[in-house]
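Note: the block below is final.cif and it holds mmCIF, C-alpha atoms.
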```
data_work
loop_
_atom_site.label_atom_id
_atom_site.label_comp_id
_atom_site.auth_asym_id
_atom_site.auth_seq_id
_atom_site.Cartn_x
_atom_site.Cartn_y
_atom_site.Cartn_z
CA MET A 1 16.52 12.53 -10.66
CA ALA A 2 15.17 9.70 -8.53
CA THR A 3 15.60 9.73 -4.79
CA ILE A 4 17.27 6.81 -3.09
CA TYR A 5 15.57 6.04 0.21
CA THR A 6 17.93 3.91 2.25
CA VAL A 7 16.27 2.24 5.22
CA VAL A 8 19.08 1.32 7.51
CA SER A 9 19.85 0.27 11.06
CA THR A 10 22.65 -1.78 12.52
CA LYS A 11 20.11 -3.47 14.79
CA GLY A 12 17.44 -5.94 13.69
CA GLY A 13 13.79 -5.93 14.78
CA VAL A 14 13.29 -2.17 14.72
CA GLY A 15 10.95 -1.97 11.75
CA LYS A 16 13.25 -1.83 8.71
CA SER A 17 11.17 -4.30 6.76
CA THR A 18 7.93 -2.66 7.86
CA LEU A 19 9.15 0.60 6.37
CA SER A 20 10.71 -0.86 3.24
CA TRP A 21 7.91 -3.22 2.28
CA HIS A 22 4.70 -1.95 3.83
CA VAL A 23 5.07 1.77 4.32
CA LEU A 24 7.22 3.27 1.56
CA PRO A 25 5.58 1.31 -1.30
CA ALA A 26 2.17 2.46 -0.02
CA ILE A 27 3.36 6.07 0.12
CA PHE A 28 4.68 5.90 -3.45
CA LYS A 29 1.46 4.26 -4.64
CA ALA A 30 -0.49 7.06 -2.97
CA LEU A 31 1.68 9.61 -4.76
CA LYS A 32 1.41 7.64 -8.01
CA LYS A 33 5.18 7.36 -8.19
CA GLU A 34 6.96 4.37 -9.64
CA PHE A 35 9.50 2.71 -7.39
CA LYS A 36 11.96 -0.12 -7.17
CA ILE A 37 13.04 -1.95 -4.03
CA PHE A 38 16.58 -3.22 -3.72
CA GLU A 39 16.64 -5.94 -1.09
CA ILE A 40 20.19 -6.09 0.18
CA ASP A 41 20.11 -8.85 2.75
CA ASN A 42 19.04 -12.43 3.23
CA ASN A 43 15.58 -11.85 4.64
CA ASN A 44 13.88 -12.98 1.43
CA SER A 45 11.06 -10.54 2.03
CA THR A 46 9.83 -11.09 -1.50
CA ASN A 47 8.80 -14.61 -0.41
CA ILE A 48 6.74 -13.19 2.44
CA PHE A 49 4.83 -10.94 0.04
CA SER A 50 4.20 -13.69 -2.46
CA HIS A 51 0.72 -12.42 -3.41
CA SER A 52 1.63 -8.77 -3.60
CA ALA A 53 1.91 -7.62 -7.18
CA ILE A 54 3.43 -4.28 -6.19
CA ILE A 55 6.25 -6.08 -4.40
CA GLN A 56 6.79 -8.86 -6.92
CA GLU A 57 6.93 -6.41 -9.82
CA ASN A 58 9.12 -3.81 -8.18
CA THR A 59 11.78 -5.75 -6.35
CA LYS A 60 15.35 -6.55 -7.15
CA ASN A 61 17.28 -8.85 -4.84
CA VAL A 62 20.95 -8.22 -4.45
CA LYS A 63 23.39 -9.56 -1.91
CA THR A 64 26.02 -7.52 -0.11
CA HIS A 65 28.80 -9.73 -1.43
CA ASN A 66 27.73 -8.89 -4.96
CA LYS A 67 30.27 -6.34 -6.18
CA ASP A 68 27.88 -4.96 -8.74
CA ILE A 69 25.36 -3.54 -6.27
CA THR A 70 26.65 0.00 -6.66
CA ALA A 71 26.53 -0.31 -10.43
CA GLU A 72 23.01 -1.76 -10.27
CA ILE A 73 21.77 1.15 -8.21
CA ILE A 74 23.57 3.74 -10.32
CA PHE A 75 22.12 2.19 -13.47
CA GLU A 76 18.63 2.34 -11.99
CA THR A 77 19.00 6.00 -11.03
CA LEU A 78 20.23 6.87 -14.53
CA SER A 79 17.82 4.76 -16.52
CA SER A 80 14.55 5.75 -14.87
CA ASP A 81 12.84 8.26 -12.62
CA ASN A 82 11.75 5.49 -10.27
CA GLU A 83 12.10 6.19 -6.59
CA ILE A 84 14.47 3.68 -5.07
CA ILE A 85 14.03 1.94 -1.75
CA ILE A 86 17.03 0.16 -0.32
CA ASP A 87 16.27 -2.35 2.39
CA ALA A 88 19.59 -2.92 4.09
CA GLY A 89 20.24 -5.92 6.29
CA GLY A 90 21.25 -5.46 9.93
CA GLY A 91 24.68 -5.57 11.54
CA ASP A 92 27.70 -5.45 9.25
CA ASP A 93 25.42 -5.49 6.20
CA ALA A 94 24.04 -2.12 7.28
CA LEU A 95 27.49 -0.61 7.51
CA LYS A 96 28.42 -2.00 4.11
CA VAL A 97 25.23 -0.60 2.60
CA ILE A 98 25.99 2.85 4.02
CA ASP A 99 29.38 2.68 2.31
CA ILE A 100 27.81 1.46 -0.93
CA VAL A 101 25.21 4.24 -1.05
CA GLN A 102 27.74 6.88 -0.11
CA GLY A 103 29.91 5.56 -2.95
CA ILE A 104 27.25 6.22 -5.56
CA GLY A 105 28.41 9.77 -6.06
CA GLU A 106 26.04 12.55 -7.01
CA ALA A 107 22.54 11.38 -6.07
CA ASN A 108 19.50 12.39 -4.05
CA VAL A 109 19.83 10.19 -1.01
CA LYS A 110 17.49 10.12 1.96
CA TRP A 111 18.33 7.98 4.94
CA ILE A 112 15.60 6.52 7.12
CA ILE A 113 16.57 5.03 10.46
CA PRO A 114 13.73 3.11 12.09
CA LEU A 115 13.70 2.80 15.84
CA ASN A 116 11.40 1.53 18.53
CA ARG A 117 11.00 2.55 22.15
CA ASN A 118 13.87 0.55 23.51
CA LEU A 119 16.80 2.62 24.86
CA ALA A 120 19.47 0.17 23.66
CA GLN A 121 18.09 0.32 20.14
CA LEU A 122 17.87 4.09 20.28
CA LYS A 123 21.57 4.21 21.11
CA ASN A 124 22.17 1.99 18.13
CA ALA A 125 20.09 4.26 15.90
CA SER A 126 22.11 7.20 17.18
CA ASP A 127 25.35 5.41 16.20
CA THR A 128 23.89 4.72 12.73
CA PHE A 129 22.95 8.41 12.44
CA GLN A 130 26.50 9.44 13.24
CA LYS A 131 27.99 6.87 10.89
CA ILE A 132 25.84 8.24 8.03
CA ASN A 133 26.84 11.78 8.95
CA ASP A 134 24.24 13.46 6.75
CA PRO A 135 21.80 15.04 9.27
CA LYS A 136 19.96 17.13 6.66
CA ASN A 137 18.92 14.05 4.72
CA THR A 138 18.35 11.66 7.60
CA LEU A 139 15.01 10.94 9.21
CA PHE A 140 14.25 8.79 12.20
CA ALA A 141 11.10 6.70 11.88
CA LEU A 142 9.54 6.10 15.28
CA ASN A 143 7.95 2.71 14.91
CA GLY A 144 5.05 1.61 17.10
CA TYR A 145 3.40 4.53 18.89
CA SER A 146 0.26 3.71 20.87
CA SER A 147 -1.55 6.91 19.99
CA LYS A 148 -0.59 10.33 18.69
CA GLU A 149 -1.40 11.76 22.12
CA THR A 150 1.10 9.48 23.83
CA LEU A 151 3.83 9.67 21.18
CA GLU A 152 6.29 11.64 23.35
CA GLU A 153 5.62 9.39 26.31
CA ASP A 154 5.97 6.24 24.18
CA PHE A 155 9.34 7.42 22.86
CA ILE A 156 10.51 9.06 26.05
CA PHE A 157 14.21 8.40 25.37
CA TYR A 158 13.95 10.02 21.97
CA PHE A 159 11.99 13.10 23.04
CA GLY A 160 13.35 13.24 26.59
CA ASN A 161 11.45 14.39 29.66
CA LYS A 162 12.71 17.35 31.66
CA ASN A 163 10.59 16.50 34.69
CA LEU A 164 12.11 13.06 34.86
CA ASN A 165 15.61 14.25 33.93
CA ILE A 166 15.66 12.10 30.81
CA LYS A 167 17.86 13.62 28.14
CA SER A 168 16.41 14.05 24.65
CA ILE A 169 18.41 12.30 21.95
CA LYS A 170 16.44 14.32 19.41
CA ASP A 171 17.84 17.53 20.92
CA THR A 172 21.32 16.10 21.32
CA LEU A 173 21.49 15.11 17.66
CA LYS A 174 19.66 18.31 16.59
CA ILE A 175 16.97 16.45 14.69
CA SER A 176 14.12 18.65 13.54
CA ASN A 177 11.54 16.14 12.29
CA GLU A 178 10.71 12.49 12.46
CA LEU A 179 8.40 10.03 10.75
CA THR A 180 5.94 8.08 12.86
CA VAL A 181 4.30 4.67 12.46
CA PRO A 182 1.50 3.49 14.77
CA TYR A 183 1.63 0.16 16.55
CA THR A 184 -0.58 -2.28 14.66
CA SER A 185 -1.02 -5.99 14.10
CA TYR A 186 -2.17 -5.34 10.55
CA PHE A 187 1.32 -5.51 9.08
CA GLU A 188 1.53 -9.12 10.23
CA ILE A 189 -2.08 -9.90 9.34
CA ALA A 190 -1.36 -8.72 5.79
CA GLU A 191 1.86 -10.76 5.69
CA GLN A 192 -0.02 -13.92 6.69
CA LYS A 193 -1.97 -13.49 3.47
CA GLY A 194 1.15 -12.77 1.40
CA PHE A 195 0.14 -9.10 1.14
CA THR A 196 1.50 -5.74 2.17
CA LEU A 197 -0.74 -3.44 4.19
CA HIS A 198 -1.48 -1.58 0.94
CA ASP A 199 -2.75 -4.78 -0.75
CA LEU A 200 -4.96 -5.69 2.20
CA ALA A 201 -6.42 -2.19 2.43
CA ALA A 202 -7.08 -2.08 -1.32
CA ILE A 203 -9.97 -4.57 -1.03
CA SER A 204 -12.18 -2.24 1.01
CA LYS A 205 -10.97 0.85 -0.83
CA GLU A 206 -12.05 -0.65 -4.14
CA LEU A 207 -15.17 -2.59 -3.18
CA ASP A 208 -17.97 -0.44 -1.94
CA LYS A 209 -19.18 -1.58 1.48
CA ASN A 210 -22.86 -1.69 0.54
CA ALA A 211 -22.16 -3.55 -2.68
CA ALA A 212 -20.01 -6.02 -0.71
CA LYS A 213 -22.77 -6.53 1.87
CA SER A 214 -25.35 -7.17 -0.83
CA MET A 215 -23.07 -9.56 -2.70
CA PHE A 216 -22.20 -11.54 0.43
CA TYR A 217 -25.83 -11.83 1.41
CA GLU A 218 -26.97 -12.88 -2.02
CA LYS A 219 -24.24 -15.46 -2.26
CA PHE A 220 -24.45 -16.79 1.29
CA LYS A 221 -28.01 -16.18 2.44
CA ASP A 222 -28.34 -19.91 3.18
CA ASP A 223 -24.92 -20.20 4.78
CA LYS A 224 -24.53 -17.79 7.67
CA ALA A 225 -21.03 -19.08 8.57
CA ALA A 226 -19.75 -18.35 5.06
CA PHE A 227 -21.38 -14.91 5.17
CA LEU A 228 -19.66 -14.13 8.48
CA GLN A 229 -16.32 -15.31 7.15
CA ALA A 230 -16.53 -13.14 4.05
CA TRP A 231 -17.70 -10.19 6.11
CA GLY A 232 -14.84 -10.75 8.59
CA ASP A 233 -12.32 -10.70 5.73
CA TYR A 234 -13.81 -7.47 4.44
CA ARG A 235 -13.64 -5.93 7.92
CA LEU A 236 -9.95 -6.84 8.15
CA SER A 237 -9.39 -4.86 5.01
CA GLU A 238 -11.38 -1.92 6.35
CA ASN A 239 -9.31 -1.85 9.54
CA ALA A 240 -6.08 -2.09 7.51
CA SER A 241 -7.30 0.82 5.43
CA VAL A 242 -7.79 2.99 8.54
CA VAL A 243 -4.23 2.22 9.68
CA LEU A 244 -2.85 2.88 6.22
CA ASP A 245 -4.61 6.24 5.99
CA GLU A 246 -3.07 7.26 9.31
CA ILE A 247 0.40 6.27 8.09
CA ILE A 248 -0.06 8.12 4.82
CA GLU A 249 -1.19 11.21 6.72
CA ASN A 250 1.95 10.98 8.88
CA PHE A 251 4.33 10.51 5.94
CA LEU A 252 2.93 12.67 3.19
CA PRO A 253 4.27 16.00 4.47
CA TYR A 254 7.80 14.65 3.95
CA PHE A 255 7.21 12.90 0.64
CA ALA A 256 4.76 15.07 -1.29
CA LYS A 257 6.77 17.73 -3.04
CA MET B 1 -10.55 -3.63 -49.01
CA LYS B 2 -13.89 -3.50 -47.16
CA THR B 3 -14.72 -0.37 -45.28
CA LEU B 4 -16.13 -0.63 -41.77
CA GLU B 5 -19.63 0.17 -43.01
CA GLN B 6 -19.44 -2.38 -45.80
CA PHE B 7 -18.36 -5.01 -43.30
CA CYS B 8 -21.21 -4.14 -40.94
CA LYS B 9 -23.77 -4.33 -43.76
CA THR B 10 -22.84 -7.90 -44.53
CA ASN B 11 -22.09 -9.16 -41.02
CA ASP B 12 -24.32 -9.13 -37.95
CA PRO B 13 -22.58 -8.76 -34.58
CA ASN B 14 -22.41 -12.01 -32.64
CA ARG B 15 -21.57 -10.56 -29.24
CA ARG B 16 -24.44 -11.03 -26.80
CA LYS B 17 -25.90 -7.79 -25.54
CA SER B 18 -26.98 -7.49 -21.96
CA ARG B 19 -30.61 -6.64 -21.45
CA LEU B 20 -29.28 -4.20 -18.86
CA ASP B 21 -27.60 -2.16 -21.61
CA ALA B 22 -30.93 -0.44 -22.24
CA TYR B 23 -30.86 0.80 -18.63
CA HIS B 24 -27.16 1.67 -18.47
CA ASP B 25 -27.68 5.37 -17.75
CA GLU B 26 -30.40 4.83 -15.16
CA ILE B 27 -28.38 2.17 -13.34
CA THR B 28 -25.19 4.22 -13.10
CA GLU B 29 -27.13 7.35 -12.22
CA LEU B 30 -28.87 5.58 -9.33
CA TYR B 31 -25.56 4.11 -8.14
CA ASP B 32 -23.84 7.49 -8.25
CA ARG B 33 -26.68 8.98 -6.23
CA GLY B 34 -25.94 6.45 -3.49
CA TYR B 35 -28.68 3.87 -4.12
CA GLN B 36 -27.81 0.35 -3.01
CA ILE B 37 -27.59 -2.53 -5.46
CA GLU B 38 -30.82 -3.99 -4.06
CA GLN B 39 -32.63 -0.66 -4.55
CA ILE B 40 -31.45 -0.55 -8.17
CA GLN B 41 -32.69 -4.13 -8.45
CA ASP B 42 -36.10 -2.91 -7.22
CA PHE B 43 -36.10 -0.14 -9.81
CA LEU B 44 -35.36 -2.66 -12.57
CA LYS B 45 -38.10 -4.92 -11.24
CA SER B 46 -40.51 -2.01 -11.67
CA GLN B 47 -39.37 -1.92 -15.31
CA LYS B 48 -40.13 -5.66 -15.56
CA VAL B 49 -36.44 -6.55 -15.67
CA ASN B 50 -35.48 -9.24 -13.19
CA VAL B 51 -31.80 -9.46 -12.47
CA SER B 52 -29.74 -10.86 -9.60
CA GLN B 53 -27.68 -8.55 -7.42
CA SER B 54 -24.41 -10.17 -8.43
CA ASN B 55 -25.21 -9.80 -12.14
CA LEU B 56 -26.11 -6.19 -11.51
CA TYR B 57 -22.83 -5.66 -9.71
CA LYS B 58 -20.91 -7.34 -12.52
CA PHE B 59 -22.70 -5.14 -15.06
CA LEU B 60 -21.66 -2.03 -13.16
CA SER B 61 -18.09 -3.31 -12.83
CA LYS B 62 -17.74 -4.12 -16.50
CA ASN B 63 -19.16 -0.96 -17.91
CA GLN B 64 -17.41 2.21 -18.70
CA ASN B 65 -18.55 3.89 -15.55
CA LYS B 66 -17.26 1.13 -13.35
CA LYS B 67 -15.48 3.67 -11.20
CA SER B 68 -18.98 4.36 -9.87
CA VAL B 69 -19.09 0.91 -8.30
CA LYS B 70 -15.94 1.54 -6.44
CA LYS B 71 -15.82 3.44 -3.27
CA LYS B 72 -14.93 7.09 -3.54
CA GLN B 73 -11.27 7.24 -2.64
CA SER B 74 -10.45 8.89 0.65
CA GLY B 75 -7.02 10.23 1.50
CA ALA B 76 -4.25 9.80 -0.97
CA SER B 77 -4.29 6.04 -1.25
CA LYS B 78 -5.40 5.04 -4.74
CA GLU B 79 -5.77 1.84 -6.65
CA PRO B 80 -2.84 0.91 -8.87
CA LYS B 81 -4.43 1.47 -12.27
CA ASP B 82 -7.54 3.37 -13.19
CA GLY B 83 -10.49 1.12 -13.81
CA GLU B 84 -8.70 -2.01 -12.72
CA LEU B 85 -9.04 -3.91 -9.48
CA SER B 86 -5.93 -4.72 -7.47
CA PRO B 87 -4.76 -8.33 -7.49
CA SER B 88 -5.67 -8.56 -3.79
CA THR B 89 -9.26 -7.50 -4.52
CA LYS B 90 -9.48 -9.97 -7.39
CA MET B 91 -8.18 -12.71 -5.08
CA PHE B 92 -10.78 -11.76 -2.49
CA MET B 93 -13.59 -11.95 -5.05
CA ASP B 94 -12.29 -15.26 -6.42
CA LYS B 95 -12.02 -16.72 -2.92
CA TYR B 96 -15.72 -16.16 -2.31
CA ASN B 97 -16.69 -16.84 -5.90
CA LEU B 98 -18.27 -13.40 -6.24
#
```

So, in terms of structure tokens, how does the structure I just supplied come out?
Amino acid sequence: MATIYTVVSTKGGVGKSTLSWHVLPAIFKALKKEFKIFEIDNNNSTNIFSHSAIIQENTKNVKTHNKDITAEIIFETLSSDNEIIIDAGGGDDALKVIDIVQGIGEANVKWIIPLNRNLAQLKNASDTFQKINDPKNTLFALNGYSSKETLEEDFIFYFGNKNLNIKSIKDTLKISNELTVPYTSYFEIAEQKGFTLHDLAAISKELDKNAAKSMFYEKFKDDKAAFLQAWGDYRLSENASVVLDEIIENFLPYFAK
Amino acid sequence: MKTLEQFCKTNDPNRRKSRLDAYHDEITELYDRGYQIEQIQDFLKSQKVNVSQSNLYKFLSKNQNKKSVKKKQSGASKEPKDGELSPSTKMFMDKYNL
């Protein structure tokens, strides 16, 4: 049976879309799993990823006022083995989506609550966690660490710090594991091109660097500016690929079964 | 009904063959051993076959062993379909007319 990954938070700007559109699709591609994204809000993310085939082919837009959402999701879980990603809108939409998913009945549901370093948003994430009330199947996704070495310092309110008398919300809520996403501009760089991070990284993963160098030079040996532009585009993809590999490494232990 | 052999006896193939076809094995072997496109070009030159780097690349891409042209995959991230470039890679190549 497919798993329904519900990315949810009552607060906006914490990384819901990053997880739903950049990260989870890339993880499922890496695992060679088919997936479908249900976009339950008005963000129109599919427009942002206009050149991304994996998004355009795997997305279904539904609105929270549409009474058939539950039926749509149930039908998808019964008719295919596709993994399901639900991108829930913020605020009241998030609460409605929690009710909708909990109303599905027997299903493999995993909840992902993204959060950033901000204390107010962490409190919000904690409220969402309690509203879901399914600790075993809920994961926090810490979005935007500077480096793996500074993770606990970056998310000091989540991990706590005994020396500074800062209580750990992780301990309070008895959370055993969390997902982590590094801080990077490459999500937005990919979006500017209508791509997800996966699409941007694919260029350098598929085109051998030496072959690319040779091709650029042959094509643009009389036009250095064009050569530099092409090379710069290729480098963007290489950098995106490094970020993506780090994310995949962070996520795979929880997704590869 | 004509059998395949009967058809072939009475019809010559019209599809143009690449002069690189004769060197298919050597080209892919060199590429798999890590030789650059320009080095393979040098090898072909030594065989009196002059070919541009982009044509050589296209030949490698089109042939059965085109996986050889692609970078060995690291980590778990893979292309969407075996033997096919992602739409983003195709867009990139189209953008620079490669």

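By chain and then residue number, the residues within 12 Å of Ser18 of chain B are B:Arg15, B:Asp21, B:Ala22, B:Tyr23, B:His24, B:Val49, B:Val51, B:Asn55, B:Leu56, B:Lys58, B:Phe59, B:Leu60, B:Lys62, B:Asn63, counting all atoms listed in the file and disregarding those fewer than 3 positions away in sequence.
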
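Residue nearest chain B, chosen from A:Trp111, A:Phe195, A:Tyr5, A:Phe255 and counting all atoms listed in the file: A:Phe195.
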
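With only C-alpha atoms as the atoms that count, the minimum distance from chain B to the choices A:Ser50, A:Ser168, A:Thr70, A:Asn108 is reached by A:Ser50.
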
Notebook entry, point to check: Skipping near chain neighbours, those fewer than 5 positions away, what residues fall within 12 Å of Lys110 of chain A using only C-alpha atoms, listed as a VMD selection string?
Noted result: chain A and resid 2 to 8 83 to 86 98 101 to 102 129 132 to 140 254 to 255

Go through chain A residue by residue and, counting only C-alpha atoms, keep those with an atom at most 10 Å from chain B; for each kept residue give the shortest atom pair and its distance in Å to one decimal, ordered by chain and increasing number, as a Markdown table.
```
| residue | atom | partner | partner_atom | distance |
| --- | --- | --- | --- | --- |
| A:Ala26 | CA | B:Ser77 | CA | 7.5 |
| A:Ile27 | CA | B:Ser77 | CA | 7.8 |
| A:Phe28 | CA | B:Ser77 | CA | 9.2 |
| A:Lys29 | CA | B:Pro80 | CA | 6.9 |
| A:Ala30 | CA | B:Ser77 | CA | 4.3 |
| A:Leu31 | CA | B:Ala76 | CA | 7.0 |
| A:Lys32 | CA | B:Lys78 | CA | 8.0 |
| A:His51 | CA | B:Ser88 | CA | 7.5 |
| A:Ser52 | CA | B:Ser88 | CA | 7.3 |
| A:Ala53 | CA | B:Pro87 | CA | 6.7 |
| A:Ile54 | CA | B:Pro80 | CA | 8.6 |
| A:Lys193 | CA | B:Ser88 | CA | 9.5 |
| A:Gly194 | CA | B:Ser88 | CA | 9.5 |
| A:Phe195 | CA | B:Ser88 | CA | 7.6 |
| A:Thr196 | CA | B:Ser88 | CA | 9.7 |
| A:His198 | CA | B:Ser77 | CA | 8.4 |
| A:Asp199 | CA | B:Ser88 | CA | 5.7 |
| A:Leu200 | CA | B:Ser88 | CA | 6.7 |
| A:Ala201 | CA | B:Ser88 | CA | 8.9 |
| A:Ala202 | CA | B:Thr89 | CA | 6.7 |
| A:Ile203 | CA | B:Thr89 | CA | 4.6 |
| A:Ser204 | CA | B:Lys71 | CA | 8.0 |
| A:Lys205 | CA | B:Lys71 | CA | 6.0 |
| A:Glu206 | CA | B:Lys70 | CA | 5.0 |
| A:Leu207 | CA | B:Lys70 | CA | 5.3 |
| A:Asp208 | CA | B:Lys71 | CA | 4.6 |
| A:Lys209 | CA | B:Lys71 | CA | 7.7 |
| A:Asn210 | CA | B:Gln36 | CA | 6.4 |
| A:Ala211 | CA | B:Ile37 | CA | 6.2 |
| A:Ala212 | CA | B:Leu98 | CA | 9.4 |
| A:Lys213 | CA | B:Ile37 | CA | 9.6 |
| A:Ser214 | CA | B:Ile37 | CA | 6.9 |
| A:Met215 | CA | B:Ser54 | CA | 5.9 |
| A:Phe216 | CA | B:Leu98 | CA | 8.0 |
| A:Tyr217 | CA | B:Gln53 | CA | 9.6 |
| A:Glu218 | CA | B:Gln53 | CA | 7.0 |
| A:Lys219 | CA | B:Leu98 | CA | 7.5 |
| A:Phe220 | CA | B:Tyr96 | CA | 9.5 |
| A:Ala226 | CA | B:Tyr96 | CA | 8.7 |
| A:Phe227 | CA | B:Tyr96 | CA | 9.5 |
| A:Gln229 | CA | B:Tyr96 | CA | 9.5 |
| A:Ala230 | CA | B:Tyr96 | CA | 7.1 |
| A:Asp233 | CA | B:Phe92 | CA | 8.4 |
| A:Tyr234 | CA | B:Phe92 | CA | 8.7 |
| A:Ser237 | CA | B:Thr89 | CA | 9.9 |
| A:Ser241 | CA | B:Ser77 | CA | 9.0 |
| A:Leu244 | CA | B:Ser77 | CA | 8.2 |
| A:Asp245 | CA | B:Gly75 | CA | 6.5 |
| A:Glu246 | CA | B:Gly75 | CA | 9.2 |
| A:Ile248 | CA | B:Ala76 | CA | 7.3 |
| A:Glu249 | CA | B:Gly75 | CA | 7.9 |
| A:Leu252 | CA | B:Ala76 | CA | 8.8 |
```

Next item on the list: Report the distance between atom CA of Val97 of chain A and atom CA of Ser9 of chain A in Å, rounded to one decimal place.
Entry: 10.1 Å

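In this structure, atom CA of Leu122 of chain A sits 14.7 Å away from atom CA of Gly91 of chain A.
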
Margin query: Would you compute the distance between atom CA of Lys60 of chain A and atom CA of Gln130 of chain A? Give it in Å to one decimal.
Written below: 28.2 Å

Next item on the list: Do a neighbour search on Ser126 of chain A at 9 Å with all atoms listed in the file, toss out local chain neighbours closer than 5 positions, and write the hits as a PyMOL selection string.
Entry: chain A and resi 113+121+131+169+173

Excluding segment 183-189 of chain A and residues on its chain fewer than 6 positions from it, collect all residues at most 6 Å away from it, counting only C-alpha atoms, and give them as a tab-separated table (two decimals) with C-alpha atoms, keeping the file's coordinate frame.
```tsv
chain	number	residue	atom	x	y	z
A	144	GLY	CA	5.05	1.61	17.10
A	145	TYR	CA	3.40	4.53	18.89
A	146	SER	CA	0.26	3.71	20.87
A	197	LEU	CA	-0.74	-3.44	4.19
A	240	ALA	CA	-6.08	-2.09	7.51
```

The PyMOL selection byres ((chain A and resi 100) around 10) applied to the shown file, residues as an mmCIF file with C-alpha atoms, keeping the file's coordinate frame:
```cif
data_model
loop_
_atom_site.group_PDB
_atom_site.id
_atom_site.type_symbol
_atom_site.label_atom_id
_atom_site.label_comp_id
_atom_site.auth_asym_id
_atom_site.auth_seq_id
_atom_site.Cartn_x
_atom_site.Cartn_y
_atom_site.Cartn_z
ATOM 1 C CA THR A 64 26.020 -7.520 -0.110
ATOM 2 C CA LYS A 67 30.270 -6.340 -6.180
ATOM 3 C CA ILE A 69 25.360 -3.540 -6.270
ATOM 4 C CA THR A 70 26.650 0.000 -6.660
ATOM 5 C CA ALA A 71 26.530 -0.310 -10.430
ATOM 6 C CA ILE A 73 21.770 1.150 -8.210
ATOM 7 C CA ALA A 94 24.040 -2.120 7.280
ATOM 8 C CA LEU A 95 27.490 -0.610 7.510
ATOM 9 C CA LYS A 96 28.420 -2.000 4.110
ATOM 10 C CA VAL A 97 25.230 -0.600 2.600
ATOM 11 C CA ILE A 98 25.990 2.850 4.020
ATOM 12 C CA ASP A 99 29.380 2.680 2.310
ATOM 13 C CA VAL A 101 25.210 4.240 -1.050
ATOM 14 C CA GLN A 102 27.740 6.880 -0.110
ATOM 15 C CA GLY A 103 29.910 5.560 -2.950
ATOM 16 C CA ILE A 104 27.250 6.220 -5.560
ATOM 17 C CA GLY A 105 28.410 9.770 -6.060
#
```

Checklist line | Evaluate the PyMOL selection byres ((chain A and resi 158) around 12) and report residues as a count of residues only | finding: 37

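For the choices A:Ala256, A:Val109, A:Met1, A:Ala225, the atom-to-atom distance to Asn82 of chain A is smallest for A:Met1 when using only C-alpha atoms.
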
Next item on the list: Could you check which of B:Thr3, B:Phe43, B:Asp94, B:Asn11 is closest to Glu29 of chain B, using all atoms listed in the file?
Entry: B:Phe43
